file data11.txt (compact mmCIF, C-alpha atoms (C1' of nucleotides))
# COMPACT_ATOMS: atom_id res chain seq x y z
CA MET A 1 15.83 61.63 -81.06
CA SER A 2 19.04 59.67 -81.27
CA ASP A 3 19.62 59.28 -84.96
CA ARG A 4 22.19 56.61 -84.84
CA SER A 5 21.64 53.71 -87.15
CA TYR A 6 21.47 49.98 -86.66
CA SER A 7 22.60 46.85 -88.41
CA ILE A 8 20.21 44.00 -88.99
CA SER A 9 21.79 41.64 -86.50
CA GLU A 10 21.89 44.38 -83.93
CA LEU A 11 18.14 44.85 -84.16
CA ALA A 12 17.54 41.14 -84.34
CA ALA A 13 19.42 40.71 -81.08
CA GLU A 14 17.68 43.63 -79.43
CA PHE A 15 14.21 42.32 -80.23
CA GLY A 16 14.94 38.66 -79.91
CA VAL A 17 14.03 37.72 -83.45
CA SER A 18 16.05 36.31 -86.33
CA THR A 19 17.53 38.42 -89.12
CA ARG A 20 15.38 36.36 -91.43
CA THR A 21 12.34 37.73 -89.66
CA ILE A 22 13.43 41.30 -90.26
CA ARG A 23 14.23 40.64 -93.90
CA PHE A 24 10.90 38.93 -94.21
CA TYR A 25 9.08 42.02 -93.01
CA GLU A 26 10.87 43.99 -95.68
CA GLU A 27 10.08 41.38 -98.30
CA LYS A 28 6.44 41.88 -97.47
CA GLY A 29 6.72 45.64 -97.79
CA TYR A 30 6.34 46.40 -94.11
CA LEU A 31 9.79 47.91 -93.82
CA SER A 32 12.20 49.66 -96.13
CA PRO A 33 15.52 50.52 -94.58
CA ARG A 34 18.05 52.47 -96.54
CA ARG A 35 21.06 50.82 -98.06
CA GLU A 36 24.75 51.47 -97.82
CA GLY A 37 26.19 49.56 -100.69
CA GLN A 38 24.23 46.36 -100.39
CA ARG A 39 23.96 46.41 -96.63
CA ARG A 40 20.73 47.37 -94.92
CA VAL A 41 20.95 50.27 -92.53
CA TYR A 42 18.10 50.88 -90.11
CA SER A 43 17.13 54.28 -88.72
CA ALA A 44 15.58 55.00 -85.35
CA ALA A 45 12.23 55.21 -87.12
CA ASP A 46 12.74 51.79 -88.69
CA ARG A 47 13.56 50.49 -85.26
CA ALA A 48 10.41 52.01 -83.77
CA ARG A 49 8.37 50.46 -86.51
CA ILE A 50 9.76 47.02 -85.78
CA ARG A 51 9.01 47.48 -82.12
CA LEU A 52 5.40 48.31 -82.95
CA ILE A 53 5.02 45.38 -85.28
CA LEU A 54 6.27 43.04 -82.57
CA ARG A 55 3.97 44.60 -80.03
CA GLY A 56 1.12 43.86 -82.40
CA LYS A 57 2.29 40.29 -82.74
CA ARG A 58 2.28 39.81 -79.00
CA ILE A 59 -1.40 40.60 -78.80
CA GLY A 60 -2.22 38.27 -81.63
CA LEU A 61 -2.46 40.63 -84.57
CA SER A 62 -1.28 39.50 -87.95
CA LEU A 63 1.51 41.47 -89.53
CA ALA A 64 -0.91 43.00 -91.97
CA GLU A 65 -3.16 44.14 -89.15
CA SER A 66 -0.29 45.53 -87.13
CA VAL A 67 0.94 47.51 -90.09
CA GLU A 68 -2.54 48.76 -90.83
CA ILE A 69 -2.83 50.14 -87.32
CA ILE A 70 0.65 51.56 -87.34
CA ASP A 71 -0.07 53.37 -90.55
CA LEU A 72 -3.09 54.98 -88.94
CA TYR A 73 -0.57 57.09 -87.09
CA HIS A 74 0.70 58.55 -90.30
CA SER A 75 -2.49 58.89 -92.25
CA HIS A 76 -4.10 61.81 -90.44
CA GLY A 77 -3.16 64.27 -93.12
CA SER A 78 -5.95 63.42 -95.51
CA ASP A 79 -9.46 64.71 -96.12
CA ALA A 80 -12.63 64.31 -94.07
CA GLU A 81 -13.80 61.23 -95.89
CA GLN A 82 -10.55 59.43 -95.24
CA ARG A 83 -10.73 60.54 -91.65
CA SER A 84 -14.14 59.12 -90.90
CA LEU A 85 -13.19 55.84 -92.46
CA LEU A 86 -10.17 55.86 -90.23
CA LEU A 87 -12.28 56.53 -87.14
CA GLU A 88 -14.45 53.62 -88.11
CA LYS A 89 -11.47 51.30 -88.28
CA ILE A 90 -10.22 52.58 -84.98
CA GLU A 91 -13.53 51.85 -83.31
CA GLU A 92 -13.63 48.40 -84.80
CA ARG A 93 -10.15 47.65 -83.61
CA ARG A 94 -10.91 49.04 -80.20
CA GLN A 95 -13.77 46.62 -79.81
CA THR A 96 -11.65 43.56 -80.47
CA LEU A 97 -8.92 44.88 -78.20
CA LYS A 98 -11.47 45.33 -75.42
CA GLN A 99 -12.66 41.79 -75.95
CA GLN A 100 -9.09 40.64 -75.63
CA GLN A 101 -8.80 42.52 -72.37
CA ARG A 102 -11.82 40.70 -71.03
CA ASP A 103 -10.41 37.38 -72.17
CA LEU A 104 -7.10 38.18 -70.57
CA ARG A 105 -8.67 39.14 -67.29
CA ALA A 106 -10.65 35.94 -67.29
CA MET A 107 -7.56 33.88 -67.98
CA LEU A 108 -5.55 35.61 -65.28
CA GLY A 109 -8.36 35.24 -62.79
CA ALA A 110 -8.58 31.60 -63.64
CA LEU A 111 -4.88 31.12 -63.11
CA ASP A 112 -5.16 32.79 -59.72
CA GLU A 113 -7.87 30.37 -58.80
CA VAL A 114 -5.91 27.33 -59.82
CA GLU A 115 -2.94 28.60 -57.93
CA ALA A 116 -5.00 29.06 -54.80
CA LEU A 117 -6.47 25.61 -55.14
CA CYS A 118 -2.98 24.30 -55.58
CA ARG A 119 -1.54 26.02 -52.57
CA ASP A 120 -4.48 25.10 -50.35
CA ALA A 121 -4.03 21.47 -51.23
CA THR A 122 -1.59 20.94 -48.36
CA GLY A 123 -3.26 17.71 -47.45
CA GLN A 124 -6.79 18.18 -48.70
CA THR A 125 -8.95 15.57 -50.37
CA GLY A 126 -11.42 17.62 -52.35
CA PRO A 127 -11.11 17.05 -56.05
CA GLU A 128 -14.61 17.94 -57.24
CA THR A 129 -14.30 21.68 -56.74
CA ALA A 130 -13.85 22.36 -60.42
CA THR A 131 -14.78 25.86 -61.40
CA LEU A 132 -14.72 25.71 -65.11
CA ALA A 133 -14.96 22.56 -67.12
CA GLY A 134 -14.77 18.86 -66.79
CA ALA A 135 -14.64 17.36 -70.21
CA ASN A 136 -12.03 15.34 -71.94
CA LYS A 137 -9.41 14.21 -69.52
CA GLN A 138 -6.74 12.96 -71.78
CA GLN A 139 -3.18 12.04 -71.07
CA THR A 140 -1.18 11.31 -74.15
CA GLN A 141 -1.13 13.94 -76.76
CA GLY A 142 1.26 13.33 -79.63
CA MET B 1 -25.96 22.46 -64.85
CA SER B 2 -28.17 22.03 -67.87
CA ASP B 3 -27.20 18.66 -69.23
CA ARG B 4 -28.80 18.99 -72.58
CA SER B 5 -26.65 18.03 -75.50
CA TYR B 6 -25.69 19.77 -78.71
CA SER B 7 -25.17 18.96 -82.34
CA ILE B 8 -22.07 20.06 -84.13
CA SER B 9 -23.75 22.67 -86.27
CA GLU B 10 -25.55 24.03 -83.26
CA LEU B 11 -22.26 24.68 -81.50
CA ALA B 12 -20.64 25.95 -84.66
CA ALA B 13 -23.40 28.51 -85.01
CA GLU B 14 -23.26 29.49 -81.37
CA PHE B 15 -19.54 30.13 -81.45
CA GLY B 16 -19.31 31.48 -84.94
CA VAL B 17 -16.95 28.84 -86.25
CA SER B 18 -17.28 26.17 -88.92
CA THR B 19 -18.14 22.55 -88.21
CA ARG B 20 -14.79 21.74 -89.78
CA THR B 21 -13.13 23.70 -87.02
CA ILE B 22 -14.85 21.66 -84.34
CA ARG B 23 -14.02 18.41 -86.06
CA PHE B 24 -10.49 19.60 -86.43
CA TYR B 25 -10.15 20.11 -82.70
CA GLU B 26 -11.30 16.57 -82.18
CA GLU B 27 -8.91 15.30 -84.84
CA LYS B 28 -6.11 16.86 -82.84
CA GLY B 29 -7.26 15.24 -79.63
CA TYR B 30 -8.51 18.40 -77.98
CA LEU B 31 -12.08 17.22 -77.83
CA SER B 32 -13.86 13.90 -77.67
CA PRO B 33 -17.60 14.09 -77.77
CA ARG B 34 -19.66 10.98 -77.38
CA ARG B 35 -21.33 9.34 -80.34
CA GLU B 36 -24.87 8.34 -81.06
CA GLY B 37 -24.56 5.99 -83.95
CA GLN B 38 -22.06 7.85 -86.03
CA ARG B 39 -23.21 11.32 -85.05
CA ARG B 40 -21.24 13.43 -82.62
CA VAL B 41 -23.12 14.52 -79.54
CA TYR B 42 -21.66 17.29 -77.40
CA SER B 43 -22.22 17.64 -73.66
CA ALA B 44 -22.30 20.88 -71.68
CA ALA B 45 -18.73 20.12 -70.66
CA ASP B 46 -17.65 19.74 -74.28
CA ARG B 47 -19.30 23.03 -74.98
CA ALA B 48 -17.49 24.72 -72.11
CA ARG B 49 -14.22 23.34 -73.37
CA ILE B 50 -14.80 24.77 -76.81
CA ARG B 51 -15.61 28.11 -75.30
CA LEU B 52 -12.32 28.09 -73.40
CA ILE B 53 -10.32 27.08 -76.44
CA LEU B 54 -11.79 29.95 -78.40
CA ARG B 55 -11.11 32.37 -75.58
CA GLY B 56 -7.50 31.26 -75.72
CA LYS B 57 -7.46 31.82 -79.45
CA ARG B 58 -8.72 35.36 -79.06
CA ILE B 59 -5.75 36.28 -76.94
CA GLY B 60 -3.32 34.75 -79.36
CA LEU B 61 -2.68 31.37 -77.79
CA SER B 62 -2.15 28.37 -80.01
CA LEU B 63 -4.57 25.52 -79.61
CA ALA B 64 -1.92 23.47 -77.89
CA GLU B 65 -1.29 26.25 -75.40
CA SER B 66 -4.95 26.80 -74.75
CA VAL B 67 -5.48 23.15 -74.07
CA GLU B 68 -2.45 23.01 -71.83
CA ILE B 69 -3.88 25.78 -69.70
CA ILE B 70 -7.34 24.33 -69.71
CA ASP B 71 -5.98 21.03 -68.52
CA LEU B 72 -4.33 22.80 -65.60
CA TYR B 73 -7.83 23.06 -64.20
CA HIS B 74 -8.15 19.32 -64.05
CA SER B 75 -4.67 18.33 -63.04
CA HIS B 76 -4.70 19.40 -59.41
CA GLY B 77 -5.19 15.92 -58.12
CA SER B 78 -1.58 14.83 -58.41
CA ASP B 79 1.43 14.84 -56.09
CA ALA B 80 3.55 17.72 -54.81
CA GLU B 81 6.11 17.43 -57.58
CA GLN B 82 3.45 17.73 -60.23
CA ARG B 83 1.95 20.63 -58.37
CA SER B 84 5.07 22.74 -58.22
CA LEU B 85 5.71 22.17 -61.90
CA LEU B 86 2.19 23.33 -62.48
CA LEU B 87 2.70 26.47 -60.43
CA GLU B 88 5.78 27.17 -62.47
CA LYS B 89 3.85 26.95 -65.68
CA ILE B 90 1.14 29.16 -64.27
CA GLU B 91 3.65 31.82 -63.32
CA GLU B 92 5.24 31.66 -66.74
CA ARG B 93 1.91 32.03 -68.44
CA ARG B 94 0.92 34.84 -66.14
CA GLN B 95 3.99 36.79 -67.19
CA THR B 96 3.16 36.63 -70.88
CA LEU B 97 -0.45 37.50 -70.18
CA LYS B 98 0.65 40.54 -68.21
CA GLN B 99 2.89 41.57 -71.08
CA GLN B 100 -0.10 41.27 -73.36
CA GLN B 101 -2.09 43.50 -71.05
CA ARG B 102 0.61 46.15 -71.28
CA ASP B 103 0.69 45.85 -75.04
CA LEU B 104 -3.05 46.11 -75.19
CA ARG B 105 -3.17 49.19 -73.01
CA ALA B 106 -0.51 50.80 -75.16
CA MET B 107 -2.45 50.03 -78.31
CA LEU B 108 -5.70 51.34 -76.89
CA GLY B 109 -4.02 54.48 -75.64
CA ALA B 110 -2.50 54.99 -79.03
CA LEU B 111 -5.86 54.61 -80.71
CA ASP B 112 -7.31 57.20 -78.35
CA GLU B 113 -4.56 59.57 -79.33
CA VAL B 114 -5.09 59.12 -83.03
CA GLU B 115 -8.78 59.59 -82.57
CA ALA B 116 -8.23 62.83 -80.71
CA LEU B 117 -5.84 64.08 -83.35
CA CYS B 118 -8.40 63.17 -85.93
CA ARG B 119 -11.27 64.96 -84.25
CA ASP B 120 -9.20 68.04 -83.49
CA ALA B 121 -8.23 68.32 -87.13
CA THR B 122 -11.25 70.49 -87.88
CA GLY B 123 -9.13 72.80 -89.94
CA GLN B 124 -5.69 72.44 -88.43
CA THR B 125 -2.41 72.39 -90.28
CA GLY B 126 -0.10 70.55 -87.90
CA PRO B 127 1.15 67.30 -89.33
CA GLU B 128 4.43 66.79 -87.44
CA THR B 129 2.85 65.93 -84.10
CA ALA B 130 3.52 62.25 -84.51
CA THR B 131 3.82 60.43 -81.24
CA LEU B 132 5.09 57.11 -82.29
CA ALA B 133 6.85 56.44 -85.52
CA GLY B 134 7.58 58.00 -88.83
CA ALA B 135 9.20 55.42 -91.02
CA ASN B 136 8.13 53.84 -94.20
CA LYS B 137 5.26 55.73 -95.71
CA GLN B 138 4.12 53.41 -98.38
CA GLN B 139 0.98 53.41 -100.39
CA THR B 140 0.56 50.29 -102.47
CA GLN B 141 0.73 47.08 -100.65
CA GLY B 142 -0.20 44.01 -102.67
C1' DT C 1 47.18 37.37 -98.62
C1' DG C 2 44.06 34.58 -96.55
C1' DC C 3 40.52 33.98 -93.33
C1' DC C 4 36.53 35.24 -90.59
C1' DA C 5 32.49 37.70 -89.28
C1' DT C 6 28.85 39.75 -91.15
C1' DG C 7 26.32 40.66 -94.58
C1' DT C 8 23.55 39.51 -99.28
C1' DT C 9 20.11 36.93 -102.67
C1' DT C 10 17.45 32.94 -104.11
C1' DA C 11 14.72 29.35 -103.20
C1' DC C 12 12.73 25.44 -101.27
C1' DG C 13 10.78 23.50 -96.64
C1' DT C 14 7.70 23.62 -92.53
C1' DT C 15 3.90 24.15 -89.19
C1' DA C 16 -0.57 25.54 -87.57
C1' DA C 17 -5.21 25.96 -88.39
C1' DC C 18 -8.22 25.38 -90.87
C1' DG C 19 -10.89 25.50 -96.18
C1' DT C 20 -12.85 22.90 -99.67
C1' DA C 21 -14.33 19.21 -102.31
C1' DA C 22 -15.85 14.51 -103.14
C1' DA C 23 -18.56 10.66 -101.94
C1' DG C 24 -21.61 8.80 -99.07
C1' DG C 25 -25.04 7.53 -94.68
C1' DT C 26 -29.79 8.48 -92.47
C1' DA C 27 -34.03 10.40 -90.89
C1' DA C 28 -37.98 13.08 -91.67
C1' DT C 29 -40.98 15.13 -94.93
C1' DG C 30 -43.91 16.29 -98.98
C1' DC D 1 -39.92 7.10 -102.69
C1' DA D 2 -37.34 10.94 -103.97
C1' DT D 3 -35.81 15.11 -102.00
C1' DT D 4 -33.91 17.75 -98.38
C1' DA D 5 -31.29 18.65 -94.28
C1' DC D 6 -27.88 17.27 -91.57
C1' DC D 7 -24.43 14.42 -90.65
C1' DT D 8 -20.10 11.40 -91.77
C1' DT D 9 -15.06 10.21 -93.54
C1' DT D 10 -11.07 10.94 -96.50
C1' DA D 11 -7.99 13.71 -98.50
C1' DC D 12 -5.82 17.30 -100.85
C1' DG D 13 -5.25 22.64 -100.85
C1' DT D 14 -4.06 27.13 -98.67
C1' DT D 15 -2.08 30.99 -96.03
C1' DA D 16 0.91 33.20 -92.76
C1' DA D 17 5.22 33.57 -90.86
C1' DC D 18 8.99 32.36 -90.86
C1' DG D 19 13.28 28.28 -90.97
C1' DT D 20 17.03 26.52 -93.40
C1' DA D 21 20.40 25.94 -96.77
C1' DA D 22 23.38 27.18 -100.55
C1' DA D 23 26.28 30.26 -102.87
C1' DC D 24 28.37 34.58 -103.02
C1' DA D 25 30.06 39.62 -101.49
C1' DT D 26 32.97 42.58 -98.40
C1' DG D 27 35.50 44.88 -94.89
C1' DG D 28 38.87 44.27 -91.32
C1' DC D 29 42.58 41.90 -89.15
C1' DA D 30 46.75 38.66 -88.25
call {"tool": "encode", "arguments": {"input": "data11.txt", "output": "C-alpha cells"}}
result
Amino acid sequence: MSDRSYSISELAAEFGVSTRTIRFYEEKGYLSPRREGQRRVYSAADRARIRLILRGKRIGLSLAESVEIIDLYHSHGSDAEQRSLLLEKIEERRQTLKQQQRDLRAMLGALDEVEALCRDATGQTGPETATLAGANKQQTQG
Amino acid sequence: MSDRSYSISELAAEFGVSTRTIRFYEEKGYLSPRREGQRRVYSAADRARIRLILRGKRIGLSLAESVEIIDLYHSHGSDAEQRSLLLEKIEERRQTLKQQQRDLRAMLGALDEVEALCRDATGQTGPETATLAGANKQQTQG
DNA sequence: TGCCATGTTTACGTTAACGTAAAGGTAATG
DNA sequence: CATTACCTTTACGTTAACGTAAACATGGCA
C-alpha cells in the first residue's frame, strides 16, 4: 500500500526496459499515468500494471492480450451476461496456458537429456543416440 | 520410424499453419527438404523439426532461438570446449524457461481467482476485493 | 547565469514472421 | 484438351513492438 510515486526512468530501470517502451505502452492506451506539469508521474497501481504487462510478455502474450487479461481483474462488476463471456475467455486462455506448460515441460526435459548426454560423454563414442530429430544439420546461418 | 514422406500442404494442414509459413522456414535456412523435380518432399525428420519449431513458438521463442535449441540435440559430437559452451547455453535457457513457468503459474492462479470471484458474485456487492491491480480503467481501445 | 540531467513531443526507421498477389509449371481427370 | 488441384518462384505489403534521432522544456546546482 505504499503510495509513493515513480518517475519514468525509475520504472524503466526497475523493470529493465527503456523509457520509450513505457511511453509506447501509454501511446497504445495501455497505461495512463497522471501528469505533474508535463512530466509523467506513475502510481503504485501504474507500476503494478506494468509488472503484469511484462509478465504477460514473458510468456509470449501480445500486449493486447496481456491487457485484456489484466482488465479481467477489474471487470467483475458487470451483469451476468458480461460475466459468462468473461468466464469463457478465461477458460480459453487457460487452455493455451496449459498447452504452454506442457511445451515448457517438454523443453526442460529435453534440455535435461542433452545435459546428461553431454556430461556422460567423458570419452564415449556413441553419437547415434538421438532422442528427438535428425534433420537438417546446417552450419552457417547468416 | 515410419519413413513415409509428406507434401507441404499435408504438413501445413497437420500443424495448422500455412504453406507460406513452411516455405518461409526454409527460406530462412531452418529447413531443407529434399526435392522431387521441383516439388518439396518432407521426411519424417523434417516433420519432427517443424513440430519442434512450433513448440518453441508456442512458448514465445523466436525461430532463431528455437532452432538454436533444436540444434543442441545434434551438436553433442564435438570437443570439450564446444560442450561446455553448450552446457552454458542450456543453463541460460533453463533459467528463462523456469521464469516462464513461474509466470504461467501466476497467470493461471490469477485466472482461478477471477473465476471464483465471478462465480461467487451470485448477488454480492463487494467490488473492492481486487487482488492485483487497480490502475487505468479504460473502455474504448481502438 | 549557464550548464546538465531528466524530462517532453514528433516522426521516421527497423526487425521478425509471415500475408498476399501475380504468373506460371505439371499431373490427373472428365 | 481444357479444367482442376496442387505445386512453384518472385516480390511487395503488413503488423507489432519498439529503436533512434532531433528539437525543445525545466528544475537544480556551481
call {"tool": "interface_residues", "arguments": {"input": "data11.txt", "of": "chain C", "to": "chain B", "cutoff": "10 Å", "atoms": "all atoms listed in the file", "output": "list in words"}}
result
DA16, DA17, DC18, DG19 and DG25 of chain C
call {"tool": "interface_residues", "arguments": {"input": "data11.txt", "of": "chain B", "to": "chain D", "cutoff": "9 Å", "atoms": "only C-alpha atoms (C1' of nucleotides)", "output": "ChimeraX atom specification"}}
result
/B:8-9,38-40
call {"tool": "residues_around", "arguments": {"input": "data11.txt", "residues": "stretch 94-101 of chain A", "least_positions_apart": "3", "cutoff": "12 Å", "atoms": "all atoms listed in the file", "output": "JSON, numbers by chain"}}
result
{"A": [56, 58, 59, 60, 61, 69, 87, 88, 89, 90, 91, 104, 105, 106, 107, 108], "B": [54, 55, 56, 57, 58, 59, 60, 61, 97, 98, 99, 100, 101, 102, 103, 104, 105, 106, 107, 108, 109, 110, 111, 112, 114, 115]}
call {"tool": "closest_residue", "arguments": {"input": "data11.txt", "among": "A:Glu65, A:Glu113, A:Asp46, A:Glu81", "to": "chain B", "atoms": "only C-alpha atoms"}}
result
A:Asp46
call {"tool": "atom_distance", "arguments": {"input": "data11.txt", "atom1": "atom CA of A:Leu85", "atom2": "atom CA of A:Glu26"}}
result
27.0 Å
call {"tool": "build_atoms", "arguments": {"input": "data11.txt", "residues": "stretch 23-50 of chain B", "atoms": "N, CA and C atoms", "output": "PDB file, in the coordinates of the input"}}
result
ATOM      1  N   ARG B  23     -14.553  19.734 -85.757  1.00  0.00           N
ATOM      2  CA  ARG B  23     -14.020  18.410 -86.060  1.00  0.00           C
ATOM      3  C   ARG B  23     -12.510  18.391 -86.014  1.00  0.00           C
ATOM      4  N   PHE B  24     -11.942  19.479 -86.458  1.00  0.00           N
ATOM      5  CA  PHE B  24     -10.490  19.600 -86.430  1.00  0.00           C
ATOM      6  C   PHE B  24      -9.949  19.505 -85.010  1.00  0.00           C
ATOM      7  N   TYR B  25     -10.592  20.159 -84.095  1.00  0.00           N
ATOM      8  CA  TYR B  25     -10.150  20.110 -82.700  1.00  0.00           C
ATOM      9  C   TYR B  25     -10.192  18.682 -82.183  1.00  0.00           C
ATOM     10  N   GLU B  26     -11.196  17.955 -82.603  1.00  0.00           N
ATOM     11  CA  GLU B  26     -11.300  16.570 -82.180  1.00  0.00           C
ATOM     12  C   GLU B  26     -10.191  15.728 -82.812  1.00  0.00           C
ATOM     13  N   GLU B  27      -9.975  15.978 -84.102  1.00  0.00           N
ATOM     14  CA  GLU B  27      -8.910  15.300 -84.840  1.00  0.00           C
ATOM     15  C   GLU B  27      -7.590  15.418 -84.100  1.00  0.00           C
ATOM     16  N   LYS B  28      -7.358  16.592 -83.527  1.00  0.00           N
ATOM     17  CA  LYS B  28      -6.110  16.860 -82.840  1.00  0.00           C
ATOM     18  C   LYS B  28      -6.093  16.335 -81.408  1.00  0.00           C
ATOM     19  N   GLY B  29      -7.206  15.809 -80.973  1.00  0.00           N
ATOM     20  CA  GLY B  29      -7.260  15.240 -79.630  1.00  0.00           C
ATOM     21  C   GLY B  29      -7.670  16.232 -78.555  1.00  0.00           C
ATOM     22  N   TYR B  30      -8.157  17.371 -78.957  1.00  0.00           N
ATOM     23  CA  TYR B  30      -8.510  18.400 -77.980  1.00  0.00           C
ATOM     24  C   TYR B  30      -9.942  18.275 -77.488  1.00  0.00           C
ATOM     25  N   LEU B  31     -10.660  17.348 -78.102  1.00  0.00           N
ATOM     26  CA  LEU B  31     -12.080  17.220 -77.830  1.00  0.00           C
ATOM     27  C   LEU B  31     -12.443  15.761 -78.074  1.00  0.00           C
ATOM     28  N   SER B  32     -13.369  15.209 -77.274  1.00  0.00           N
ATOM     29  CA  SER B  32     -13.860  13.900 -77.670  1.00  0.00           C
ATOM     30  C   SER B  32     -15.286  13.696 -77.238  1.00  0.00           C
ATOM     31  N   PRO B  33     -16.173  14.193 -78.039  1.00  0.00           N
ATOM     32  CA  PRO B  33     -17.600  14.090 -77.770  1.00  0.00           C
ATOM     33  C   PRO B  33     -18.044  12.632 -77.874  1.00  0.00           C
ATOM     34  N   ARG B  34     -19.149  12.343 -77.257  1.00  0.00           N
ATOM     35  CA  ARG B  34     -19.660  10.980 -77.380  1.00  0.00           C
ATOM     36  C   ARG B  34     -20.372  10.831 -78.722  1.00  0.00           C
ATOM     37  N   ARG B  35     -20.660   9.584 -79.066  1.00  0.00           N
ATOM     38  CA  ARG B  35     -21.330   9.340 -80.340  1.00  0.00           C
ATOM     39  C   ARG B  35     -22.702   8.725 -80.110  1.00  0.00           C
ATOM     40  N   GLU B  36     -23.592   9.046 -81.024  1.00  0.00           N
ATOM     41  CA  GLU B  36     -24.870   8.340 -81.060  1.00  0.00           C
ATOM     42  C   GLU B  36     -24.987   7.811 -82.467  1.00  0.00           C
ATOM     43  N   GLY B  37     -24.717   6.521 -82.615  1.00  0.00           N
ATOM     44  CA  GLY B  37     -24.560   5.990 -83.950  1.00  0.00           C
ATOM     45  C   GLY B  37     -23.258   6.544 -84.469  1.00  0.00           C
ATOM     46  N   GLN B  38     -23.311   7.242 -85.572  1.00  0.00           N
ATOM     47  CA  GLN B  38     -22.060   7.850 -86.030  1.00  0.00           C
ATOM     48  C   GLN B  38     -22.021   9.354 -85.754  1.00  0.00           C
ATOM     49  N   ARG B  39     -23.154   9.889 -85.339  1.00  0.00           N
ATOM     50  CA  ARG B  39     -23.210  11.320 -85.050  1.00  0.00           C
ATOM     51  C   ARG B  39     -22.496  11.718 -83.767  1.00  0.00           C
ATOM     52  N   ARG B  40     -21.872  12.877 -83.828  1.00  0.00           N
ATOM     53  CA  ARG B  40     -21.240  13.430 -82.620  1.00  0.00           C
ATOM     54  C   ARG B  40     -22.301  14.111 -81.757  1.00  0.00           C
ATOM     55  N   VAL B  41     -22.208  13.861 -80.465  1.00  0.00           N
ATOM     56  CA  VAL B  41     -23.120  14.520 -79.540  1.00  0.00           C
ATOM     57  C   VAL B  41     -22.299  15.204 -78.454  1.00  0.00           C
ATOM     58  N   TYR B  42     -22.488  16.512 -78.315  1.00  0.00           N
ATOM     59  CA  TYR B  42     -21.660  17.290 -77.400  1.00  0.00           C
ATOM     60  C   TYR B  42     -22.384  17.576 -76.089  1.00  0.00           C
ATOM     61  N   SER B  43     -21.672  17.362 -74.996  1.00  0.00           N
ATOM     62  CA  SER B  43     -22.220  17.640 -73.660  1.00  0.00           C
ATOM     63  C   SER B  43     -21.970  19.106 -73.310  1.00  0.00           C
ATOM     64  N   ALA B  44     -22.534  19.525 -72.175  1.00  0.00           N
ATOM     65  CA  ALA B  44     -22.300  20.880 -71.680  1.00  0.00           C
ATOM     66  C   ALA B  44     -20.813  21.086 -71.399  1.00  0.00           C
ATOM     67  N   ALA B  45     -20.158  20.024 -70.952  1.00  0.00           N
ATOM     68  CA  ALA B  45     -18.730  20.120 -70.660  1.00  0.00           C
ATOM     69  C   ALA B  45     -17.923  20.306 -71.946  1.00  0.00           C
ATOM     70  N   ASP B  46     -18.301  19.564 -72.970  1.00  0.00           N
ATOM     71  CA  ASP B  46     -17.650  19.740 -74.280  1.00  0.00           C
ATOM     72  C   ASP B  46     -17.810  21.183 -74.729  1.00  0.00           C
ATOM     73  N   ARG B  47     -18.993  21.655 -74.568  1.00  0.00           N
ATOM     74  CA  ARG B  47     -19.300  23.030 -74.980  1.00  0.00           C
ATOM     75  C   ARG B  47     -18.445  24.038 -74.222  1.00  0.00           C
ATOM     76  N   ALA B  48     -18.303  23.824 -72.924  1.00  0.00           N
ATOM     77  CA  ALA B  48     -17.490  24.720 -72.110  1.00  0.00           C
ATOM     78  C   ALA B  48     -16.037  24.689 -72.586  1.00  0.00           C
ATOM     79  N   ARG B  49     -15.601  23.492 -72.920  1.00  0.00           N
ATOM     80  CA  ARG B  49     -14.220  23.340 -73.370  1.00  0.00           C
ATOM     81  C   ARG B  49     -13.983  24.104 -74.670  1.00  0.00           C
ATOM     82  N   ILE B  50     -14.910  24.024 -75.555  1.00  0.00           N
ATOM     83  CA  ILE B  50     -14.800  24.770 -76.810  1.00  0.00           C
ATOM     84  C   ILE B  50     -14.737  26.267 -76.524  1.00  0.00           C
TER      85      ILE B  50
END
